[in-house]
Amino acid sequence: MLASPSVAEQRSIKVGVYANEPKIMLGQDGQLSGIFGDLLREIARHEDWQLQPVACEWQQCLELTRSGQIDLMPDVAWNDERAQIFDFHKLPALFSWSQIYSQQDLRLNSQLDLNGRRIAVLAGSVQEAYLLTLLDSFGLRAELLPVQSLQQGFEMVANDNADAVVANQRFGDYNAERFGLRSTPIMFQPARLFFATRKGQNGDLLAAIDSHLKTWQEQADSPYYQIIQRWGSEPPQLSIPASLWWALATLASLLLLALGGAVVLRRQVARQTRDLSANELRLNTILDSVEAYIYIKDPQLRYQYANQKVCELFGQPREQVLGQTDSSFFDEATVNNLRNNDLRVLQQGERVQLEEINRSVDGQCENAYLSVKLPLRRPDGSIYALCGISTDITEHKRNLEQIHQLAFFDSLTGLPNRRLLQDRLQHALAYHARTGQEGALLFIDLDNFKTLNDTLGHAMGDLLLQQVTLRLSGQIRAEDSLARLGGDEFVLMLERLSTDSAQALIEIEAVGSKLLTSLAAPYDLQGHAHTSTASIGVALFSDSHSTVEELLKRADLAMYEAKAAGRNALRFFNQQMQTAAMARIRLETDMRQSIAAQHFLLHYQPQVDQHGQLIGAEALVRWQHPQHGLIPPGEFIPVAESTDLILPLGRWILQAACRQLVAWSSDPALAELPLAVNVSARQLHHPGFVADVLAILAETGANPKRLELELTESHLAADIEEMIRRMLQLQSHGVRFSLDDFGTGYSSLGYLKRLPLSRLKIDRCFVRDLLSDANDAAIVRTIVALGQSLDLQVIAEGVETVEQRDALLQSGCSLYQGYLFAKPGPAADLQGWVAGARRAGNR
C-alpha cells in the first residue's frame, strides 16, 4: 500500500535536471518533465514532497549530487565506480542502451561499417571510451568528434558535419525523426537507470522510491506504465488544440490506448528487459576476453578505474588497485617513464600513442605494451582524468625478432641473406636514381669450394666460409653491405661511389684487388693448411634500368666470365652478356600474343587436413604455348610481373577460377569447396582492382564466399592503408584472404593483426629442409604459434613426404598442400581425386 501524505510540513527536495529528453528535462512551466521527471512528480504527490529543480550540465549535476547540494539525481546508470560515491535504490526505474544514429541515406549494419566514418560522441562519456576500445579491437579507423551535448551531436549529423552520432536509445528514438536521422542496428552498453543520492544521505527518499516502483511495476494500469507509454514514441503535444471536441477525443484515445495496451506494454518491457540482460552478459563476456588493459587515472596519477585485465596483471582485486599509483606495481624507471607520458595527457591535453616497456617492482618481469592515452574533459574543457588502453605486445615482439633473425640473416656467418640484401639493394638503387651517385654489386664465388667439401668434409667447408666472412668484413667500409646468398656465394654492395664513371671504375678495381689478395692468402682449418681463391663479377648501378634481380643476374654473369678467364679474377658486365636477355624479350612478345589468343589454362591442386580430407584447392596457371608446349609458371610469371602483362593475365585467371566455381556448384562433393587464387602486387595496387573483382563475380555468378585471394608478403611493402581498405571492401562481400609464402618477406605484426586474413601459408622453402635444418623447423614452429595467436589457419605448401607431413603435424600444422597428396592438374583430375578419395574412404 502506498504511503499517505504527511500532515507535517512539506519536505523540500532539490532535484538535478539536465537536457536529456525524453528521460529528463525542464518543461515550459519550469518544472520537472520527461519520464524521470513525471515519475518523481507522481511519487512527490503521494509523499507530499516539494520538488525544486536545479538545472545543470551532466558532469556538474553529478558533482553537485556528490557534494550534497542536490538531493536526488535522476537518470544515473549504475556501475561499480558510481556505487562507491552514490547511493541507489534497489529496483531500476528504467532500462536503456547506447545506439548509433546515422543519416537517412547511410546504411550502417555492423561495427565494420564504422570504418572511415565521422562519429559524434559526448565528450568524456563512457560511450567515447567504449568506442575507442571497440574500433581498436576491430582494427577500424573512424574519426570520433567530441560534442558537449547530444543536441549538438544530432545537429552535426543533420548538417552533414558528421556521418553518425552515439546517444542513449531513449534520447535517440525521441529526437531522430526531428533531425532527419535513422536508428542503426549497432547497439551496446545496456544500462539500468536509477535515482541517485549522496553516499550515506537521503536513504528514506530512496526507500520511498523503491516502495512506489515495486507497487507500480506490478500493476499494468499504474502511473509507471502510463508515463512510459506517454513518452515512449512521438514527442507529446505541448500546446492545446483549438477544438475542445478534438481535445476530448484525443484524451479519450490516449486513455483507451493506455488501458488497452498496458498488458501488452508490460510484456514488451519484460521481454526487452530479458533481452537487455542477455545482451549485457554477452557484452561483458566479450569485454573480458579482449586482450587490452583499460584504466583511468586522476590528476594525482591514482587509479580510479581498472578492468579485469589490469587487476589480473597486478594480482590484486579491484578494490585494492583503486587509489594506488604505479609505484605500487612497477620499478622506479618504469614509474618515471609512465609519469612523463601521463603528464603529457593530464597537463598538456595530448593524445599519446606509444610503446611502453614496464618492469615489475622486483625487476623480474618485463613486458612491452602499445598504449593509447587520452584526456577526459569536463563540459568546460578542463581535464579531470586520463583514460589508458594498453595492449601487451611482448610475445608479438619476440616472435617478430625471431622471425626477422631467422628469415633475414645467415645462421652460419651471421651475414644478411638474399632477402635482406634485396631490400637494401632496392633502397640503394632508389638513392642512385635520385642523386646519380654510382654504386656497384660485386658477386663473389669461391673457386673449387666443392673440392674442399668432398675431401675434408662439410665441417671444414663451413669453417672456411666463416674465415672468408671475417676477411671480407675487414676489407669493406661501414656504408657497404656484405651478404651471403648461399653455398660459397657472397655479394658485396658498394654505395656512394664517385659520380665520374672512370673514377668509379678505379675505386671498384681497387676494392676488388684487395678482396682477391685477402682471399688468396692461406687458411688454417684446424691444422690443415688450405689455399683458396675467388672469382668476382661486377655490375654497376648505372648498367641496370630495371629491377634488383636484373642487377644480380648481370653481376652473376660477370662472375662466370671471371671463372672462364682462369679464376682468381675480376670481370665487369658487358653488352655481349645481353644475349640471354633477348630470349626474355621474345618470351614477353609471345606472352602478349598468347593472352590475346587465350593460350593459358588453369590446373588445380587439392588442399587437405591431417586426415586427408579435402578442405580446399588452389588454382595454378599454365601456359599452353603453340610451339613449345606446356610452360610452367616459374618461366613466365616473373616476366609478367615485371611488365604490364600481369593485369590482363590476372583478370583472365580470376575469370577462369570463378567460372570453375560455378561449374563445381552443381557437384555435391565440390559445391562448398573454397578455391584460392594468387593475386599479384600490381593487381592489388591497381585502382580498379576491387571493382574488377566484383564485376567478375557478378558476371560469372560465382559465390564470393568460396573465393580466397592469396597475397604474398611483398604486397605489404607499399601503401598498406589503401591495401587494407580494399581488402575490407572485398571482405564485406564475402571474399576471403590468405598470406602466401609467409616467412620469406618482412611482415610488420602491427599491420599483420589489422589485415582481414583467414589463413597463413608456410612457404615451401621451409618445408623442404624441415627434417634436416633446425632453423627451418624453428621458423615453422614460430609461424604456427603466430597464426594461433592471431586466430588464423596455417597451411604448409610443398609437402612431398609422409615424414614432412608428420613433422608439420607435430609442430601444430594440420593443413597441407603438395605432391604427397596430388600434383596440380586439370579440373577433371581434381574431380577424379575426390572420387578416388571417397572410394578409398568407403572401403
# chains A, B, ... in the order shown; residues from 1 in each chain; ligands from 1
call {"tool": "residues_around", "arguments": {"residues": "Gly836 of chain A", "least_positions_apart": "6", "cutoff": "12 Å", "atoms": "only C-alpha atoms", "output": "PDB file with N, CA and C atoms, in the first residue's frame"}}
result
ATOM      1  N   GLY A 612      43.522 -36.298 -44.401  1.00  0.00           N
ATOM      2  CA  GLY A 612      43.471 -36.439 -45.849  1.00  0.00           C
ATOM      3  C   GLY A 612      42.178 -35.971 -46.469  1.00  0.00           C
ATOM      4  N   GLN A 613      41.314 -35.312 -45.678  1.00  0.00           N
ATOM      5  CA  GLN A 613      40.039 -34.811 -46.194  1.00  0.00           C
ATOM      6  C   GLN A 613      40.260 -33.504 -46.965  1.00  0.00           C
ATOM      7  N   LEU A 614      39.576 -33.371 -48.099  1.00  0.00           N
ATOM      8  CA  LEU A 614      39.700 -32.190 -48.936  1.00  0.00           C
ATOM      9  C   LEU A 614      39.078 -30.990 -48.237  1.00  0.00           C
ATOM     10  N   ALA A 669      29.941 -32.893 -54.151  1.00  0.00           N
ATOM     11  CA  ALA A 669      31.227 -33.100 -53.482  1.00  0.00           C
ATOM     12  C   ALA A 669      32.112 -31.862 -53.541  1.00  0.00           C
ATOM     13  N   PHE A 821      50.039 -35.471 -51.730  1.00  0.00           N
ATOM     14  CA  PHE A 821      48.603 -35.695 -51.837  1.00  0.00           C
ATOM     15  C   PHE A 821      48.147 -35.680 -53.297  1.00  0.00           C
ATOM     16  N   ALA A 822      48.637 -34.748 -54.080  1.00  0.00           N
ATOM     17  CA  ALA A 822      48.277 -34.694 -55.503  1.00  0.00           C
ATOM     18  C   ALA A 822      49.080 -33.604 -56.181  1.00  0.00           C
ATOM     19  N   ASP A 829      40.973 -33.881 -63.201  1.00  0.00           N
ATOM     20  CA  ASP A 829      41.847 -34.642 -62.304  1.00  0.00           C
ATOM     21  C   ASP A 829      41.444 -34.452 -60.854  1.00  0.00           C
ATOM     22  N   LEU A 830      41.084 -33.210 -60.485  1.00  0.00           N
ATOM     23  CA  LEU A 830      40.661 -32.950 -59.102  1.00  0.00           C
ATOM     24  C   LEU A 830      39.361 -33.686 -58.793  1.00  0.00           C
ATOM     25  N   ASN A 842      35.333 -45.408 -48.364  1.00  0.00           N
ATOM     26  CA  ASN A 842      34.220 -46.358 -48.200  1.00  0.00           C
ATOM     27  C   ASN A 842      34.680 -47.799 -48.058  1.00  0.00           C
ATOM     28  N   ARG A 843      35.980 -47.990 -48.365  1.00  0.00           N
ATOM     29  CA  ARG A 843      36.468 -49.380 -48.277  1.00  0.00           C
ATOM     30  C   ARG A 843      36.710 -49.782 -46.825  1.00  0.00           C
TER      31      ARG A 843
END
call {"tool": "residues_around", "arguments": {"residues": "segment 691-706 of chain A", "least_positions_apart": "3", "cutoff": "9 Å", "atoms": "only C-alpha atoms", "output": "list in words"}}
result
Arg651, Leu654, Gln655, Cys658, Arg659, Gln660, Leu661, Val662, Ser665, Ala671, Glu672, Leu673, Pro674, Leu675, Ala676, Pro687, Gly688, Leu730, Gln731, His733, Gly734, Val735 and Arg736 of chain A
call {"tool": "closest_residue", "arguments": {"among": "A:Leu820, A:Ile35, A:Leu472, A:Cys311", "to": "Phe171 of chain A", "atoms": "only C-alpha atoms"}}
result
A:Ile35
call {"tool": "residues_around", "arguments": {"residues": "segment 540-542 of chain A", "least_positions_apart": "3", "cutoff": "8 Å", "atoms": "only C-alpha atoms", "output": "ChimeraX atom specification"}}
result
/A:429,432,438-441,545,551
call {"tool": "atom_distance", "arguments": {"atom1": "atom CA of Glu355 of chain A", "atom2": "atom CA of Val121 of chain A"}}
result
27.0 Å
call {"tool": "residues_around", "arguments": {"residues": "segment 767-774 of chain A", "least_positions_apart": "6", "cutoff": "8 Å", "atoms": "only C-alpha atoms", "output": "list in words"}}
result
Val780, Ala796, Glu797, Gly798, Val799, Glu803, Gln804 and Ala807 of chain A
call {"tool": "write_last_selection", "arguments": {"atoms": "N, CA, C and O atoms", "output": "mmCIF file, in the first residue's frame"}}
result
data_model
loop_
_atom_site.group_PDB
_atom_site.id
_atom_site.type_symbol
_atom_site.label_atom_id
_atom_site.label_comp_id
_atom_site.auth_asym_id
_atom_site.auth_seq_id
_atom_site.Cartn_x
_atom_site.Cartn_y
_atom_site.Cartn_z
ATOM 1 N N VAL A 780 59.086 -22.782 -38.766
ATOM 2 C CA VAL A 780 57.756 -23.379 -38.909
ATOM 3 C C VAL A 780 56.999 -23.306 -37.585
ATOM 4 O O VAL A 780 55.822 -22.909 -37.533
ATOM 5 N N ALA A 796 50.667 -25.595 -44.843
ATOM 6 C CA ALA A 796 52.029 -25.744 -45.350
ATOM 7 C C ALA A 796 51.995 -26.141 -46.821
ATOM 8 O O ALA A 796 51.250 -27.042 -47.216
ATOM 9 N N GLU A 797 52.825 -25.480 -47.643
ATOM 10 C CA GLU A 797 52.937 -25.797 -49.060
ATOM 11 C C GLU A 797 54.145 -26.700 -49.294
ATOM 12 O O GLU A 797 55.074 -26.755 -48.481
ATOM 13 N N GLY A 798 54.130 -27.393 -50.436
ATOM 14 C CA GLY A 798 55.291 -28.179 -50.842
ATOM 15 C C GLY A 798 55.521 -29.427 -50.011
ATOM 16 O O GLY A 798 56.661 -29.877 -49.872
ATOM 17 N N VAL A 799 54.474 -30.013 -49.455
ATOM 18 C CA VAL A 799 54.616 -31.233 -48.657
ATOM 19 C C VAL A 799 54.734 -32.415 -49.621
ATOM 20 O O VAL A 799 53.792 -32.722 -50.358
ATOM 21 N N GLU A 803 57.091 -38.066 -43.986
ATOM 22 C CA GLU A 803 57.893 -37.580 -42.863
ATOM 23 C C GLU A 803 57.719 -36.060 -42.677
ATOM 24 O O GLU A 803 57.639 -35.557 -41.553
ATOM 25 N N GLN A 804 57.669 -35.332 -43.787
ATOM 26 C CA GLN A 804 57.430 -33.888 -43.691
ATOM 27 C C GLN A 804 56.060 -33.606 -43.101
ATOM 28 O O GLN A 804 55.904 -32.736 -42.227
ATOM 29 N N ALA A 807 56.131 -34.279 -39.372
ATOM 30 C CA ALA A 807 56.873 -33.244 -38.640
ATOM 31 C C ALA A 807 56.051 -31.968 -38.539
ATOM 32 O O ALA A 807 56.071 -31.282 -37.510
#
call {"tool": "residues_around", "arguments": {"residues": "Lys397 of chain A", "least_positions_apart": "4", "cutoff": "9 Å", "atoms": "only C-alpha atoms", "output": "PyMOL selection string"}}
result
chain A and resi 368+393+401-402+749
call {"tool": "write_last_selection", "arguments": {"atoms": "N, CA, C and O atoms", "output": "short mmCIF file (atom, residue, chain, number, x, y, z; two decimals), in the first residue's frame"}}
result
data_model
loop_
_atom_site.label_atom_id
_atom_site.label_comp_id
_atom_site.auth_asym_id
_atom_site.auth_seq_id
_atom_site.Cartn_x
_atom_site.Cartn_y
_atom_site.Cartn_z
N ALA A 368 56.22 -5.55 -22.86
CA ALA A 368 56.07 -4.42 -23.78
C ALA A 368 54.58 -4.20 -24.06
O ALA A 368 53.82 -5.16 -24.24
N ILE A 393 52.18 -6.50 -26.18
CA ILE A 393 52.77 -6.91 -27.46
C ILE A 393 54.09 -7.64 -27.24
O ILE A 393 54.89 -7.77 -28.16
N GLU A 401 61.05 -10.62 -33.70
CA GLU A 401 62.52 -10.61 -33.66
C GLU A 401 63.07 -11.96 -34.11
O GLU A 401 64.06 -12.03 -34.84
N GLN A 402 62.43 -13.04 -33.65
CA GLN A 402 62.91 -14.36 -34.02
C GLN A 402 62.73 -14.62 -35.52
O GLN A 402 63.63 -15.13 -36.19
N LEU A 749 54.09 -7.00 -37.57
CA LEU A 749 52.97 -7.57 -36.83
C LEU A 749 51.90 -6.52 -36.57
O LEU A 749 50.72 -6.84 -36.44
#
call {"tool": "select_by_dssp", "arguments": {"residues": "segment 35-112 of chain A", "states": "alpha helix (DSSP H)", "output": "VMD selection string"}}
result
chain A and resid 35 to 47 58 to 67 80 to 83
call {"tool": "atom_distance", "arguments": {"atom1": "atom CA of Pro668 of chain A", "atom2": "atom CA of Gly650 of chain A"}}
result
28.5 Å
call {"tool": "residues_around", "arguments": {"residues": "segment 480-490 of chain A", "least_positions_apart": "2", "cutoff": "6 Å", "atoms": "only C-alpha atoms", "output": "list in words"}}
result
Leu415, Pro416, Asn417, Arg418, Ile444, Asp445, Leu446, Arg477, Ala478, Leu492, Met493 and Leu494 of chain A
call {"tool": "write_last_selection", "arguments": {"atoms": "all heavy atoms", "output": "compact mmCIF listing (two decimals), in the first residue's frame"}}
result
# COMPACT_ATOMS: atom_id res chain seq x y z
N LEU A 415 75.81 -13.07 -41.59
CA LEU A 415 75.64 -12.02 -42.59
C LEU A 415 74.19 -11.95 -43.05
O LEU A 415 73.43 -12.92 -42.94
CB LEU A 415 76.53 -12.30 -43.81
CG LEU A 415 78.04 -12.24 -43.61
CD1 LEU A 415 78.75 -12.66 -44.90
CD2 LEU A 415 78.48 -10.84 -43.19
N PRO A 416 73.77 -10.78 -43.59
CA PRO A 416 72.44 -10.72 -44.21
C PRO A 416 72.33 -11.75 -45.32
O PRO A 416 73.31 -12.08 -45.99
CB PRO A 416 72.39 -9.29 -44.78
CG PRO A 416 73.34 -8.51 -43.92
CD PRO A 416 74.45 -9.47 -43.57
N ASN A 417 71.10 -12.30 -45.49
CA ASN A 417 70.89 -13.27 -46.56
C ASN A 417 70.30 -12.58 -47.79
O ASN A 417 70.25 -11.35 -47.87
CB ASN A 417 70.00 -14.42 -46.08
CG ASN A 417 68.62 -13.94 -45.66
OD1 ASN A 417 68.23 -12.81 -45.94
ND2 ASN A 417 67.88 -14.78 -44.97
N ARG A 418 69.87 -13.37 -48.76
CA ARG A 418 69.39 -12.82 -50.03
C ARG A 418 68.22 -11.86 -49.82
O ARG A 418 68.15 -10.80 -50.45
CB ARG A 418 68.98 -13.95 -50.98
CG ARG A 418 68.40 -13.45 -52.31
CD ARG A 418 67.89 -14.60 -53.15
NE ARG A 418 68.98 -15.39 -53.66
CZ ARG A 418 69.62 -15.18 -54.82
NH1 ARG A 418 69.26 -14.15 -55.57
NH2 ARG A 418 70.58 -15.97 -55.21
N ILE A 444 80.74 -12.55 -55.51
CA ILE A 444 81.98 -13.26 -55.13
C ILE A 444 81.69 -14.74 -54.97
O ILE A 444 80.84 -15.14 -54.17
CB ILE A 444 82.54 -12.69 -53.81
CG1 ILE A 444 82.69 -11.16 -53.92
CG2 ILE A 444 83.85 -13.35 -53.44
CD1 ILE A 444 82.92 -10.48 -52.58
N ASP A 445 82.38 -15.57 -55.73
CA ASP A 445 82.21 -17.01 -55.66
C ASP A 445 83.58 -17.67 -55.43
O ASP A 445 84.54 -17.39 -56.16
CB ASP A 445 81.59 -17.54 -56.96
CG ASP A 445 81.23 -19.01 -56.87
OD1 ASP A 445 82.12 -19.85 -57.13
OD2 ASP A 445 80.06 -19.30 -56.55
N LEU A 446 83.67 -18.53 -54.40
CA LEU A 446 84.93 -19.21 -54.10
C LEU A 446 85.25 -20.23 -55.17
O LEU A 446 84.35 -20.96 -55.64
CB LEU A 446 84.86 -19.88 -52.73
CG LEU A 446 84.57 -18.96 -51.53
CD1 LEU A 446 84.62 -19.76 -50.24
CD2 LEU A 446 85.53 -17.78 -51.48
N ARG A 477 84.02 -0.85 -46.20
CA ARG A 477 83.67 0.33 -45.43
C ARG A 477 82.37 0.09 -44.64
O ARG A 477 81.62 -0.85 -44.92
CB ARG A 477 83.47 1.52 -46.36
CG ARG A 477 84.65 1.83 -47.27
CD ARG A 477 84.27 2.85 -48.33
NE ARG A 477 83.16 2.38 -49.16
CZ ARG A 477 82.56 3.11 -50.09
NH1 ARG A 477 82.96 4.36 -50.31
NH2 ARG A 477 81.57 2.61 -50.80
N ALA A 478 82.12 0.96 -43.68
CA ALA A 478 80.92 0.81 -42.84
C ALA A 478 79.64 0.96 -43.67
O ALA A 478 78.62 0.34 -43.36
CB ALA A 478 80.95 1.85 -41.71
N LEU A 492 78.81 -8.27 -52.36
CA LEU A 492 79.21 -7.02 -51.70
C LEU A 492 78.60 -5.87 -52.48
O LEU A 492 78.80 -5.76 -53.70
CB LEU A 492 80.74 -6.89 -51.67
CG LEU A 492 81.30 -5.57 -51.14
CD1 LEU A 492 80.86 -5.33 -49.70
CD2 LEU A 492 82.82 -5.55 -51.26
N MET A 493 77.87 -5.02 -51.79
CA MET A 493 77.25 -3.86 -52.42
C MET A 493 78.02 -2.61 -52.01
O MET A 493 78.10 -2.28 -50.82
CB MET A 493 75.78 -3.74 -52.01
CG MET A 493 75.05 -2.58 -52.69
SD MET A 493 73.27 -2.57 -52.35
CE MET A 493 73.27 -2.29 -50.58
N LEU A 494 78.60 -1.93 -52.99
CA LEU A 494 79.34 -0.69 -52.75
C LEU A 494 78.44 0.48 -53.10
O LEU A 494 77.90 0.55 -54.21
CB LEU A 494 80.62 -0.64 -53.60
CG LEU A 494 81.60 -1.80 -53.44
CD1 LEU A 494 82.78 -1.63 -54.39
CD2 LEU A 494 82.09 -1.90 -52.00
call {"tool": "residues_around", "arguments": {"residues": "Arg118 of chain A", "least_positions_apart": "6", "cutoff": "6 Å", "atoms": "only C-alpha atoms", "output": "PyMOL selection string"}}
result
chain A and resi 143+162-163
call {"tool": "atom_distance", "arguments": {"atom1": "atom CA of Asn20 of chain A", "atom2": "atom CA of Ala306 of chain A"}}
result
28.5 Å
call {"tool": "decode", "arguments": {"residues": "segment 766-792 of chain A", "atoms": "N, CA and C atoms", "output": "mmCIF file, in the first residue's frame"}}
result
data_model
loop_
_atom_site.group_PDB
_atom_site.id
_atom_site.type_symbol
_atom_site.label_atom_id
_atom_site.label_comp_id
_atom_site.auth_asym_id
_atom_site.auth_seq_id
_atom_site.Cartn_x
_atom_site.Cartn_y
_atom_site.Cartn_z
ATOM 1 N N PHE A 766 60.755 -23.584 -46.421
ATOM 2 C CA PHE A 766 60.927 -24.008 -45.041
ATOM 3 C C PHE A 766 60.534 -25.476 -44.867
ATOM 4 N N VAL A 767 59.556 -25.934 -45.673
ATOM 5 C CA VAL A 767 59.108 -27.327 -45.586
ATOM 6 C C VAL A 767 60.151 -28.264 -46.184
ATOM 7 N N ARG A 768 60.831 -27.809 -47.252
ATOM 8 C CA ARG A 768 61.761 -28.667 -47.971
ATOM 9 C C ARG A 768 62.860 -29.230 -47.061
ATOM 10 N N ASP A 769 63.455 -28.382 -46.238
ATOM 11 C CA ASP A 769 64.555 -28.823 -45.374
ATOM 12 C C ASP A 769 64.125 -28.942 -43.914
ATOM 13 N N LEU A 770 62.831 -29.120 -43.695
ATOM 14 C CA LEU A 770 62.301 -29.165 -42.335
ATOM 15 C C LEU A 770 62.964 -30.251 -41.498
ATOM 16 N N LEU A 771 63.244 -31.408 -42.104
ATOM 17 C CA LEU A 771 63.772 -32.546 -41.345
ATOM 18 C C LEU A 771 65.271 -32.455 -41.129
ATOM 19 N N SER A 772 65.962 -31.604 -41.897
ATOM 20 C CA SER A 772 67.422 -31.566 -41.801
ATOM 21 C C SER A 772 67.968 -30.231 -41.308
ATOM 22 N N ASP A 773 67.150 -29.198 -41.323
ATOM 23 C CA ASP A 773 67.625 -27.862 -40.943
ATOM 24 C C ASP A 773 66.854 -27.393 -39.712
ATOM 25 N N ALA A 774 67.564 -27.252 -38.597
ATOM 26 C CA ALA A 774 66.912 -26.831 -37.347
ATOM 27 C C ALA A 774 66.319 -25.433 -37.465
ATOM 28 N N ASN A 775 66.945 -24.581 -38.272
ATOM 29 C CA ASN A 775 66.421 -23.227 -38.453
ATOM 30 C C ASN A 775 65.050 -23.249 -39.115
ATOM 31 N N ASP A 776 64.914 -24.072 -40.169
ATOM 32 C CA ASP A 776 63.622 -24.180 -40.840
ATOM 33 C C ASP A 776 62.559 -24.728 -39.895
ATOM 34 N N ALA A 777 62.915 -25.716 -39.075
ATOM 35 C CA ALA A 777 61.967 -26.274 -38.111
ATOM 36 C C ALA A 777 61.532 -25.214 -37.108
ATOM 37 N N ALA A 778 62.483 -24.386 -36.669
ATOM 38 C CA ALA A 778 62.158 -23.326 -35.705
ATOM 39 C C ALA A 778 61.240 -22.283 -36.337
ATOM 40 N N ILE A 779 61.503 -21.952 -37.602
ATOM 41 C CA ILE A 779 60.655 -20.969 -38.295
ATOM 42 C C ILE A 779 59.232 -21.501 -38.430
ATOM 43 N N VAL A 780 59.086 -22.782 -38.766
ATOM 44 C CA VAL A 780 57.756 -23.379 -38.909
ATOM 45 C C VAL A 780 56.999 -23.306 -37.585
ATOM 46 N N ARG A 781 57.672 -23.677 -36.485
ATOM 47 C CA ARG A 781 57.000 -23.625 -35.178
ATOM 48 C C ARG A 781 56.584 -22.198 -34.825
ATOM 49 N N THR A 782 57.449 -21.240 -35.152
ATOM 50 C CA THR A 782 57.149 -19.837 -34.846
ATOM 51 C C THR A 782 55.952 -19.347 -35.653
ATOM 52 N N ILE A 783 55.908 -19.716 -36.942
ATOM 53 C CA ILE A 783 54.785 -19.292 -37.787
ATOM 54 C C ILE A 783 53.480 -19.898 -37.287
ATOM 55 N N VAL A 784 53.506 -21.175 -36.899
ATOM 56 C CA VAL A 784 52.296 -21.831 -36.379
ATOM 57 C C VAL A 784 51.831 -21.123 -35.107
ATOM 58 N N ALA A 785 52.778 -20.819 -34.196
ATOM 59 C CA ALA A 785 52.419 -20.138 -32.948
ATOM 60 C C ALA A 785 51.846 -18.748 -33.231
ATOM 61 N N LEU A 786 52.457 -18.058 -34.189
ATOM 62 C CA LEU A 786 51.973 -16.730 -34.544
ATOM 63 C C LEU A 786 50.562 -16.807 -35.117
ATOM 64 N N GLY A 787 50.317 -17.805 -36.002
ATOM 65 C CA GLY A 787 48.980 -17.966 -36.574
ATOM 66 C C GLY A 787 47.935 -18.244 -35.508
ATOM 67 N N GLN A 788 48.291 -19.094 -34.528
ATOM 68 C CA GLN A 788 47.346 -19.392 -33.452
ATOM 69 C C GLN A 788 47.043 -18.157 -32.624
ATOM 70 N N SER A 789 48.066 -17.342 -32.350
ATOM 71 C CA SER A 789 47.860 -16.130 -31.532
ATOM 72 C C SER A 789 46.988 -15.124 -32.257
ATOM 73 N N LEU A 790 47.005 -15.126 -33.598
ATOM 74 C CA LEU A 790 46.186 -14.202 -34.386
ATOM 75 C C LEU A 790 44.892 -14.849 -34.860
ATOM 76 N N ASP A 791 44.619 -16.099 -34.389
ATOM 77 C CA ASP A 791 43.396 -16.827 -34.749
ATOM 78 C C ASP A 791 43.303 -17.037 -36.264
ATOM 79 N N LEU A 792 44.436 -17.445 -36.875
ATOM 80 C CA LEU A 792 44.484 -17.709 -38.308
ATOM 81 C C LEU A 792 44.803 -19.179 -38.549
#
